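Presented below is the structure to which this report refers.
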Amino acid sequence: MKDSTEFERPEAATFGFAGRLRSEFPSQILMDITEVCNLACTHCPHPDFKVSSHYGARYLDPELNEKMIEEVREHGQGITKYIRYASNGEPLVHPNCYDMIDAAVAHSGVYVTLTTNGTIMNEKRTIKLLEAGVHMIDISIDAHSAETYAKIRVNGDLNVTRANVHKLIDMVEQAGADTRIVVSYVEQPENQSETQDFESYWQDAGADHVIIRRLHSCSGAKADLAVERRDENQMVDRYPCLYPWERIVVNARGDLAFCPSDWVHGSYISSYRDVRIKDIWVGKFYKELREAHMTNSFSRHQFCGQCPDWRSTRWPSQGRAYADLVEEMIES
(Lines give C-alpha, C1' and ligand atoms only; values in the text may rest on other atoms or scores of the structure.)
Protein backbone atom coordinates (compact mmCIF):
# COMPACT_ATOMS: atom_id res chain seq x y z
CA MET A 1 0.00 0.00 0.00
CA LYS A 2 1.58 3.26 -1.08
CA ASP A 3 0.57 6.68 0.23
CA SER A 4 -0.28 9.22 -2.42
CA THR A 5 2.12 12.14 -2.61
CA GLU A 6 -0.44 14.68 -3.77
CA PHE A 7 -4.02 15.11 -2.58
CA GLU A 8 -6.83 17.09 -4.13
CA ARG A 9 -8.91 19.25 -1.83
CA PRO A 10 -11.95 17.20 -0.80
CA GLU A 11 -15.43 18.65 -1.10
CA ALA A 12 -16.43 20.54 2.05
CA ALA A 13 -19.27 18.10 2.67
CA THR A 14 -16.73 15.34 3.33
CA PHE A 15 -15.31 17.07 6.39
CA GLY A 16 -16.64 16.12 9.79
CA PHE A 17 -18.08 13.01 11.39
CA ALA A 18 -19.20 10.29 9.01
CA GLY A 19 -18.55 6.59 8.53
CA ARG A 20 -15.80 5.45 10.89
CA LEU A 21 -15.36 8.99 12.22
CA ARG A 22 -17.69 9.17 15.21
CA SER A 23 -18.75 12.07 17.40
CA GLU A 24 -19.37 9.88 20.47
CA PHE A 25 -15.83 8.56 20.99
CA PRO A 26 -12.55 8.36 19.02
CA SER A 27 -12.25 5.74 16.31
CA GLN A 28 -8.56 5.39 17.21
CA ILE A 29 -6.70 5.54 20.51
CA LEU A 30 -2.96 6.08 20.15
CA MET A 31 -0.99 4.87 23.17
CA ASP A 32 2.31 6.76 23.08
CA ILE A 33 3.82 4.76 25.92
CA THR A 34 7.47 5.88 26.10
CA GLU A 35 9.84 8.65 25.07
CA VAL A 36 12.85 6.32 25.12
CA CYS A 37 14.24 4.97 21.85
CA ASN A 38 17.25 2.84 20.98
CA LEU A 39 17.68 4.35 17.48
CA ALA A 40 18.39 7.83 16.11
CA CYS A 41 16.63 7.77 12.73
CA THR A 42 17.45 10.63 10.40
CA HIS A 43 13.83 11.31 9.40
CA CYS A 44 12.68 11.31 13.04
CA PRO A 45 12.90 14.27 15.49
CA HIS A 46 13.89 11.99 18.37
CA PRO A 47 17.63 12.85 18.34
CA ASP A 48 16.78 16.55 18.79
CA PHE A 49 13.90 15.75 21.14
CA LYS A 50 16.25 13.76 23.37
CA VAL A 51 18.42 16.82 24.08
CA SER A 52 15.51 19.25 24.42
CA SER A 53 13.72 20.48 27.53
CA HIS A 54 10.66 18.46 26.50
CA TYR A 55 12.36 15.10 26.99
CA GLY A 56 12.19 13.20 30.26
CA ALA A 57 12.85 9.54 29.31
CA ARG A 58 9.31 8.91 30.51
CA TYR A 59 7.28 5.69 30.56
CA LEU A 60 3.50 5.71 30.67
CA ASP A 61 2.05 4.67 34.04
CA PRO A 62 0.32 1.30 33.49
CA GLU A 63 -2.59 2.54 35.60
CA LEU A 64 -3.46 4.96 32.81
CA ASN A 65 -3.37 2.10 30.33
CA GLU A 66 -5.95 0.34 32.52
CA LYS A 67 -8.05 3.50 32.63
CA MET A 68 -7.99 3.73 28.83
CA ILE A 69 -9.02 0.09 28.48
CA GLU A 70 -11.98 0.60 30.81
CA GLU A 71 -13.10 3.64 28.81
CA VAL A 72 -12.87 1.80 25.50
CA ARG A 73 -14.74 -1.17 26.93
CA GLU A 74 -17.49 1.13 28.22
CA HIS A 75 -17.75 3.71 25.42
CA GLY A 76 -15.84 2.42 22.39
CA GLN A 77 -17.67 -0.77 21.43
CA GLY A 78 -18.70 -0.51 17.80
CA ILE A 79 -17.00 2.90 17.61
CA THR A 80 -13.29 2.54 18.37
CA LYS A 81 -11.74 0.55 15.55
CA TYR A 82 -8.39 -0.02 17.22
CA ILE A 83 -5.92 0.84 19.96
CA ARG A 84 -2.45 1.47 18.57
CA TYR A 85 0.65 1.09 20.74
CA ALA A 86 3.29 3.34 19.22
CA SER A 87 5.28 6.22 20.56
CA ASN A 88 7.80 9.01 20.31
CA GLY A 89 10.15 6.23 21.37
CA GLU A 90 10.26 2.45 20.95
CA PRO A 91 7.25 0.81 22.66
CA LEU A 92 9.02 -2.46 23.40
CA VAL A 93 11.51 -0.77 25.74
CA HIS A 94 8.67 -0.01 28.17
CA PRO A 95 9.17 -2.53 31.01
CA ASN A 96 5.41 -3.19 31.20
CA CYS A 97 4.60 -3.10 27.49
CA TYR A 98 3.72 -6.79 27.17
CA ASP A 99 1.35 -6.72 30.13
CA MET A 100 -0.22 -3.50 28.85
CA ILE A 101 -0.82 -4.95 25.40
CA ASP A 102 -2.07 -8.20 26.90
CA ALA A 103 -4.60 -6.30 29.02
CA ALA A 104 -5.82 -4.31 26.02
CA VAL A 105 -6.32 -7.44 23.93
CA ALA A 106 -8.05 -9.30 26.75
CA HIS A 107 -10.33 -6.56 28.07
CA SER A 108 -10.85 -3.65 25.65
CA GLY A 109 -13.07 -5.51 23.19
CA VAL A 110 -11.37 -3.89 20.18
CA TYR A 111 -8.49 -4.55 17.78
CA VAL A 112 -5.01 -3.89 19.18
CA THR A 113 -1.93 -3.05 17.12
CA LEU A 114 1.76 -2.43 17.82
CA THR A 115 4.20 -0.27 15.85
CA THR A 116 7.85 -1.09 16.54
CA ASN A 117 11.28 -0.74 14.96
CA GLY A 118 11.76 -4.48 15.49
CA THR A 119 15.37 -4.20 16.63
CA ILE A 120 14.89 -5.82 20.05
CA MET A 121 12.06 -8.13 19.02
CA ASN A 122 14.02 -11.31 19.68
CA GLU A 123 12.43 -14.76 20.04
CA LYS A 124 11.67 -14.36 23.75
CA ARG A 125 9.95 -11.02 23.24
CA THR A 126 8.12 -12.29 20.16
CA ILE A 127 6.71 -15.20 22.17
CA LYS A 128 5.40 -12.68 24.73
CA LEU A 129 3.69 -10.65 22.01
CA LEU A 130 2.07 -13.69 20.45
CA GLU A 131 0.96 -14.95 23.86
CA ALA A 132 -0.60 -11.55 24.46
CA GLY A 133 -2.55 -12.02 21.23
CA VAL A 134 -1.73 -8.65 19.69
CA HIS A 135 -3.75 -8.46 16.48
CA MET A 136 -1.27 -6.64 14.26
CA ILE A 137 2.44 -5.81 14.42
CA ASP A 138 3.76 -3.03 12.16
CA ILE A 139 7.56 -3.02 11.86
CA SER A 140 9.21 0.17 10.58
CA ILE A 141 12.28 -0.74 8.51
CA ASP A 142 12.82 2.00 5.87
CA ALA A 143 15.58 0.34 3.83
CA HIS A 144 16.38 -2.69 1.71
CA SER A 145 20.18 -2.67 1.95
CA ALA A 146 22.18 -2.82 5.17
CA GLU A 147 24.16 0.24 4.12
CA THR A 148 21.07 2.39 3.64
CA TYR A 149 19.52 1.09 6.84
CA ALA A 150 22.63 2.09 8.80
CA LYS A 151 22.43 5.61 7.35
CA ILE A 152 18.71 6.09 8.05
CA ARG A 153 18.16 4.01 11.19
CA VAL A 154 21.25 5.08 13.05
CA ASN A 155 22.41 2.58 15.70
CA GLY A 156 20.43 -0.19 14.02
CA ASP A 157 21.54 -3.28 12.10
CA LEU A 158 19.34 -4.46 9.26
CA ASN A 159 20.63 -8.01 9.57
CA VAL A 160 19.33 -8.16 13.14
CA THR A 161 16.01 -6.49 12.37
CA ARG A 162 15.40 -8.56 9.26
CA ALA A 163 16.15 -11.79 11.13
CA ASN A 164 13.72 -10.77 13.87
CA VAL A 165 10.95 -10.14 11.37
CA HIS A 166 11.56 -13.39 9.51
CA LYS A 167 11.41 -15.22 12.84
CA LEU A 168 8.17 -13.43 13.69
CA ILE A 169 6.60 -14.44 10.38
CA ASP A 170 7.70 -18.05 10.88
CA MET A 171 6.41 -18.18 14.46
CA VAL A 172 3.01 -16.76 13.49
CA GLU A 173 2.71 -19.35 10.74
CA GLN A 174 3.86 -22.26 12.91
CA ALA A 175 1.52 -21.31 15.75
CA GLY A 176 -1.42 -20.65 13.46
CA ALA A 177 -1.74 -17.30 15.21
CA ASP A 178 -4.12 -14.60 14.03
CA THR A 179 -1.49 -11.85 14.39
CA ARG A 180 -1.00 -9.98 11.12
CA ILE A 181 2.43 -8.71 10.06
CA VAL A 182 2.96 -5.36 8.33
CA VAL A 183 6.30 -3.89 7.32
CA SER A 184 6.57 -0.19 6.59
CA TYR A 185 8.93 2.15 4.81
CA VAL A 186 9.19 5.93 4.84
CA GLU A 187 10.32 6.84 1.33
CA GLN A 188 13.00 9.54 1.35
CA PRO A 189 15.98 10.66 -0.75
CA GLU A 190 18.34 8.14 0.86
CA ASN A 191 16.21 5.10 0.01
CA GLN A 192 14.18 6.00 -3.08
CA SER A 193 16.19 3.66 -5.29
CA GLU A 194 15.32 0.73 -3.00
CA THR A 195 11.57 1.13 -2.72
CA GLN A 196 10.59 -1.48 -5.29
CA ASP A 197 13.12 -4.01 -4.00
CA PHE A 198 11.92 -3.47 -0.44
CA GLU A 199 8.30 -4.01 -1.38
CA SER A 200 9.01 -7.14 -3.41
CA TYR A 201 11.30 -8.62 -0.77
CA TRP A 202 8.78 -8.44 2.07
CA GLN A 203 5.86 -9.52 -0.06
CA ASP A 204 7.83 -12.64 -0.99
CA ALA A 205 8.88 -13.11 2.66
CA GLY A 206 5.29 -13.51 3.78
CA ALA A 207 4.38 -10.13 5.26
CA ASP A 208 0.63 -9.55 5.15
CA HIS A 209 1.10 -5.99 3.90
CA VAL A 210 3.90 -3.66 2.86
CA ILE A 211 3.30 0.06 3.39
CA ILE A 212 5.26 2.79 1.62
CA ARG A 213 4.78 6.08 3.44
CA ARG A 214 5.47 9.62 2.37
CA LEU A 215 8.07 11.59 4.32
CA HIS A 216 6.62 14.43 6.40
CA SER A 217 7.99 17.06 8.77
CA CYS A 218 6.52 15.66 12.02
CA SER A 219 4.31 18.73 12.53
CA GLY A 220 7.20 21.06 11.76
CA ALA A 221 9.78 19.39 14.00
CA LYS A 222 11.99 18.59 10.99
CA ALA A 223 12.67 22.21 10.10
CA ASP A 224 14.19 21.84 6.62
CA LEU A 225 11.37 19.62 5.41
CA ALA A 226 8.83 21.91 7.04
CA VAL A 227 10.06 24.79 4.88
CA GLU A 228 9.63 22.67 1.75
CA ARG A 229 6.15 21.65 2.79
CA ARG A 230 5.06 25.21 3.51
CA ASP A 231 6.25 26.25 0.05
CA GLU A 232 4.24 23.39 -1.50
CA ASN A 233 1.16 24.28 0.53
CA GLN A 234 1.03 27.81 -0.84
CA MET A 235 -0.41 26.34 -4.03
CA VAL A 236 -3.36 24.72 -2.23
CA ASP A 237 -6.18 26.15 -0.12
CA ARG A 238 -5.90 24.76 3.37
CA TYR A 239 -8.51 22.27 4.52
CA PRO A 240 -9.01 20.59 7.93
CA CYS A 241 -6.63 18.01 9.30
CA LEU A 242 -8.31 14.68 9.95
CA TYR A 243 -6.90 14.04 13.42
CA PRO A 244 -9.37 16.05 15.55
CA TRP A 245 -12.18 13.92 14.13
CA GLU A 246 -10.37 10.58 14.23
CA ARG A 247 -8.05 10.00 17.20
CA ILE A 248 -6.73 10.98 20.57
CA VAL A 249 -3.30 10.37 22.08
CA VAL A 250 -2.37 9.19 25.57
CA ASN A 251 1.30 10.11 25.82
CA ALA A 252 4.14 8.96 28.07
CA ARG A 253 3.71 11.99 30.35
CA GLY A 254 0.22 10.75 31.15
CA ASP A 255 -1.42 13.56 29.17
CA LEU A 256 -4.13 13.55 26.54
CA ALA A 257 -3.04 15.18 23.27
CA PHE A 258 -4.66 15.62 19.89
CA CYS A 259 -1.68 15.15 17.55
CA PRO A 260 0.37 11.94 17.16
CA SER A 261 3.36 13.76 15.64
CA ASP A 262 3.78 16.36 18.39
CA TRP A 263 7.33 16.54 19.81
CA VAL A 264 6.98 19.82 21.73
CA HIS A 265 3.80 19.18 23.75
CA GLY A 266 2.00 21.69 21.58
CA SER A 267 -1.13 19.54 21.36
CA TYR A 268 -1.61 19.14 25.11
CA ILE A 269 -5.21 18.88 26.26
CA SER A 270 -5.16 17.76 29.89
CA SER A 271 -3.61 15.33 32.32
CA TYR A 272 -5.38 12.03 31.75
CA ARG A 273 -5.48 11.47 35.49
CA ASP A 274 -7.93 14.34 35.83
CA VAL A 275 -10.35 13.70 32.95
CA ARG A 276 -11.93 11.02 30.79
CA ILE A 277 -11.46 10.58 27.06
CA LYS A 278 -15.22 10.42 26.61
CA ASP A 279 -15.78 13.83 28.20
CA ILE A 280 -12.90 15.47 26.36
CA TRP A 281 -13.97 14.08 22.96
CA VAL A 282 -17.48 15.55 23.18
CA GLY A 283 -16.46 18.63 25.16
CA LYS A 284 -15.54 22.25 24.57
CA PHE A 285 -11.86 21.74 23.76
CA TYR A 286 -12.40 19.46 20.77
CA LYS A 287 -15.38 21.47 19.55
CA GLU A 288 -13.24 24.61 19.42
CA LEU A 289 -10.32 22.75 17.84
CA ARG A 290 -12.55 21.33 15.08
CA GLU A 291 -14.07 24.75 14.49
CA ALA A 292 -10.58 26.23 14.12
CA HIS A 293 -9.79 23.66 11.44
CA MET A 294 -13.10 24.18 9.66
CA THR A 295 -12.64 27.95 9.53
CA ASN A 296 -8.85 27.93 9.05
CA SER A 297 -8.56 30.20 12.10
CA PHE A 298 -5.74 29.14 14.40
CA SER A 299 -5.14 32.13 16.68
CA ARG A 300 -5.98 29.94 19.68
CA HIS A 301 -4.41 26.80 18.25
CA GLN A 302 -0.98 27.92 17.11
CA PHE A 303 0.51 24.42 17.06
CA CYS A 304 -1.94 23.45 14.32
CA GLY A 305 -1.54 26.81 12.62
CA GLN A 306 2.20 26.35 12.09
CA CYS A 307 1.94 22.69 11.04
CA PRO A 308 2.81 22.12 7.37
CA ASP A 309 1.66 18.48 7.33
CA TRP A 310 -2.11 18.88 7.23
CA ARG A 311 -2.23 17.44 3.69
CA SER A 312 -0.57 14.26 4.96
CA THR A 313 -3.70 13.20 6.79
CA ARG A 314 -6.16 11.49 4.49
CA TRP A 315 -9.91 11.91 4.86
CA PRO A 316 -11.98 8.84 3.92
CA SER A 317 -13.11 10.55 0.72
CA GLN A 318 -9.48 10.96 -0.38
CA GLY A 319 -8.85 7.26 -0.83
CA ARG A 320 -7.15 4.42 0.95
CA ALA A 321 -5.49 5.14 4.31
CA TYR A 322 -3.86 3.20 7.14
CA ALA A 323 -7.22 2.98 8.92
CA ASP A 324 -8.67 1.21 5.87
CA LEU A 325 -5.88 -1.36 6.04
CA VAL A 326 -6.57 -2.05 9.69
CA GLU A 327 -10.32 -2.31 9.08
CA GLU A 328 -9.71 -4.85 6.32
CA MET A 329 -7.64 -6.92 8.74
CA ILE A 330 -10.37 -6.73 11.37
CA GLU A 331 -12.93 -7.97 8.88
CA SER A 332 -10.78 -10.72 7.32
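Residue numbering restarts at 1 for every chain of the C-alpha coordinates, chains are lettered A, B, ... in their displayed order, and ligands are numbered from 1 as they appear.
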Inset, instruction - Within 9 Å of region 28-39 of chain A, counting only C-alpha atoms, which residues show up once you throw out same-chain ones fewer than 5 positions away? Write them as a PyMOL selection string, please. - result: chain A and resi 46-47+50+55-61+65+68+72+79-94+97+117+119+153-156+246-254+260+323
Legend entry - DSSP-assigned strand (DSSP E) members of region 142-232 of chain A, reported as number ranges by chain: A: 180-187, 209-214
Inset, instruction - Please give the complete set of residues from region 185-269 of chain A that DSSP, run on the backbone, assigns to helix (DSSP H, G or I), formatted as a VMD selection string. - result: chain A and resid 192 to 205 223 to 233 243 to 246
Inset, instruction - Extract, using only C-alpha atoms, all DNA, RNA and protein residues at most 10 Å from His54 (chain A), discarding same-chain residues fewer than 6 positions from it, and format them as a list in words. - result: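 My list of contacting residues is Glu35, Trp263, Val264 and His265 of chain A.
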Do you know which residues are at most 10 Å from Ala163 (chain A) counting only C-alpha atoms, after dropping those on the same chain fewer than 3 positions away, and could you put them as a tab-separated table (two decimals) with all heavy atoms, in the first residue's frame?
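Resulting contents of out17.tsv:
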```tsv
chain	number	residue	atom	x	y	z
A	118	GLY	N	11.40	-3.08	15.65
A	118	GLY	CA	11.76	-4.48	15.49
A	118	GLY	C	13.16	-4.87	15.91
A	118	GLY	O	13.52	-6.04	15.84
A	119	THR	N	13.95	-3.91	16.38
A	119	THR	CA	15.37	-4.20	16.63
A	119	THR	C	15.59	-5.09	17.84
A	119	THR	O	16.57	-5.84	17.89
A	119	THR	CB	16.16	-2.90	16.81
A	119	THR	OG1	15.58	-2.16	17.90
A	119	THR	CG2	16.13	-2.06	15.56
A	121	MET	N	13.14	-7.14	19.04
A	121	MET	CA	12.06	-8.13	19.02
A	121	MET	C	12.64	-9.52	18.79
A	121	MET	O	12.41	-10.16	17.76
A	121	MET	CB	11.06	-7.76	17.93
A	121	MET	CG	9.72	-8.45	18.02
A	121	MET	SD	8.58	-7.83	16.76
A	121	MET	CE	9.49	-8.22	15.25
A	122	ASN	N	13.41	-9.99	19.79
A	122	ASN	CA	14.02	-11.31	19.68
A	122	ASN	C	12.98	-12.40	19.94
A	122	ASN	O	11.79	-12.11	20.16
A	122	ASN	CB	15.20	-11.44	20.63
A	122	ASN	CG	14.80	-11.20	22.09
A	122	ASN	OD1	13.65	-11.35	22.47
A	122	ASN	ND2	15.77	-10.81	22.90
A	158	LEU	N	20.40	-3.84	10.04
A	158	LEU	CA	19.34	-4.46	9.26
A	158	LEU	C	19.37	-5.98	9.37
A	158	LEU	O	18.33	-6.63	9.35
A	158	LEU	CB	19.45	-4.04	7.78
A	158	LEU	CG	18.39	-4.64	6.85
A	158	LEU	CD1	16.98	-4.26	7.29
A	158	LEU	CD2	18.63	-4.21	5.40
A	159	ASN	N	20.55	-6.55	9.46
A	159	ASN	CA	20.63	-8.01	9.57
A	159	ASN	C	19.91	-8.52	10.81
A	159	ASN	O	19.23	-9.55	10.78
A	159	ASN	CB	22.09	-8.46	9.57
A	159	ASN	CG	22.79	-8.18	8.25
A	159	ASN	OD1	22.19	-8.34	7.19
A	159	ASN	ND2	24.03	-7.75	8.30
A	160	VAL	N	20.02	-7.78	11.90
A	160	VAL	CA	19.33	-8.16	13.14
A	160	VAL	C	17.82	-7.96	12.99
A	160	VAL	O	17.03	-8.85	13.30
A	160	VAL	CB	19.86	-7.33	14.32
A	160	VAL	CG1	19.02	-7.60	15.58
A	160	VAL	CG2	21.33	-7.67	14.59
A	166	HIS	N	11.72	-12.05	10.10
A	166	HIS	CA	11.56	-13.39	9.51
A	166	HIS	C	11.14	-14.40	10.58
A	166	HIS	O	10.26	-15.24	10.35
A	166	HIS	CB	12.86	-13.84	8.85
A	166	HIS	CG	13.08	-13.28	7.49
A	166	HIS	ND1	12.27	-13.58	6.42
A	166	HIS	CD2	14.04	-12.43	7.02
A	166	HIS	CE1	12.71	-12.95	5.35
A	166	HIS	NE2	13.79	-12.24	5.68
A	167	LYS	N	11.76	-14.31	11.75
A	167	LYS	CA	11.41	-15.22	12.84
A	167	LYS	C	9.96	-15.00	13.27
A	167	LYS	O	9.23	-15.97	13.54
A	167	LYS	CB	12.36	-15.01	14.02
A	167	LYS	CG	12.17	-16.00	15.16
A	167	LYS	CD	12.51	-17.42	14.72
A	167	LYS	CE	12.43	-18.39	15.86
A	167	LYS	NZ	12.73	-19.78	15.44
A	168	LEU	N	9.56	-13.75	13.34
A	168	LEU	CA	8.17	-13.43	13.69
A	168	LEU	C	7.20	-14.05	12.70
A	168	LEU	O	6.20	-14.68	13.08
A	168	LEU	CB	7.99	-11.91	13.74
A	168	LEU	CG	6.55	-11.39	13.86
A	168	LEU	CD1	5.94	-11.81	15.20
A	168	LEU	CD2	6.53	-9.86	13.72
A	169	ILE	N	7.47	-13.88	11.41
A	169	ILE	CA	6.60	-14.44	10.38
A	169	ILE	C	6.52	-15.96	10.51
A	169	ILE	O	5.44	-16.55	10.45
A	169	ILE	CB	7.09	-14.03	8.98
A	169	ILE	CG1	6.92	-12.51	8.78
A	169	ILE	CG2	6.35	-14.79	7.88
A	169	ILE	CD1	7.58	-11.96	7.54
```
Legend entry - Residue nearest Pro45 (chain A) - candidates A:Pro62, A:Pro189, A:Gly220, A:Gly109, atoms counted: only C-alpha atoms: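 Looking only at the distances to Pro45 (chain A), the closest residue turns out to be A:Gly220.
Proximity of A:Ile139, A:Met171, A:Leu215, A:Ala106 to Gln192 (chain A), computed with only C-alpha atoms, is greatest for A:Leu215.
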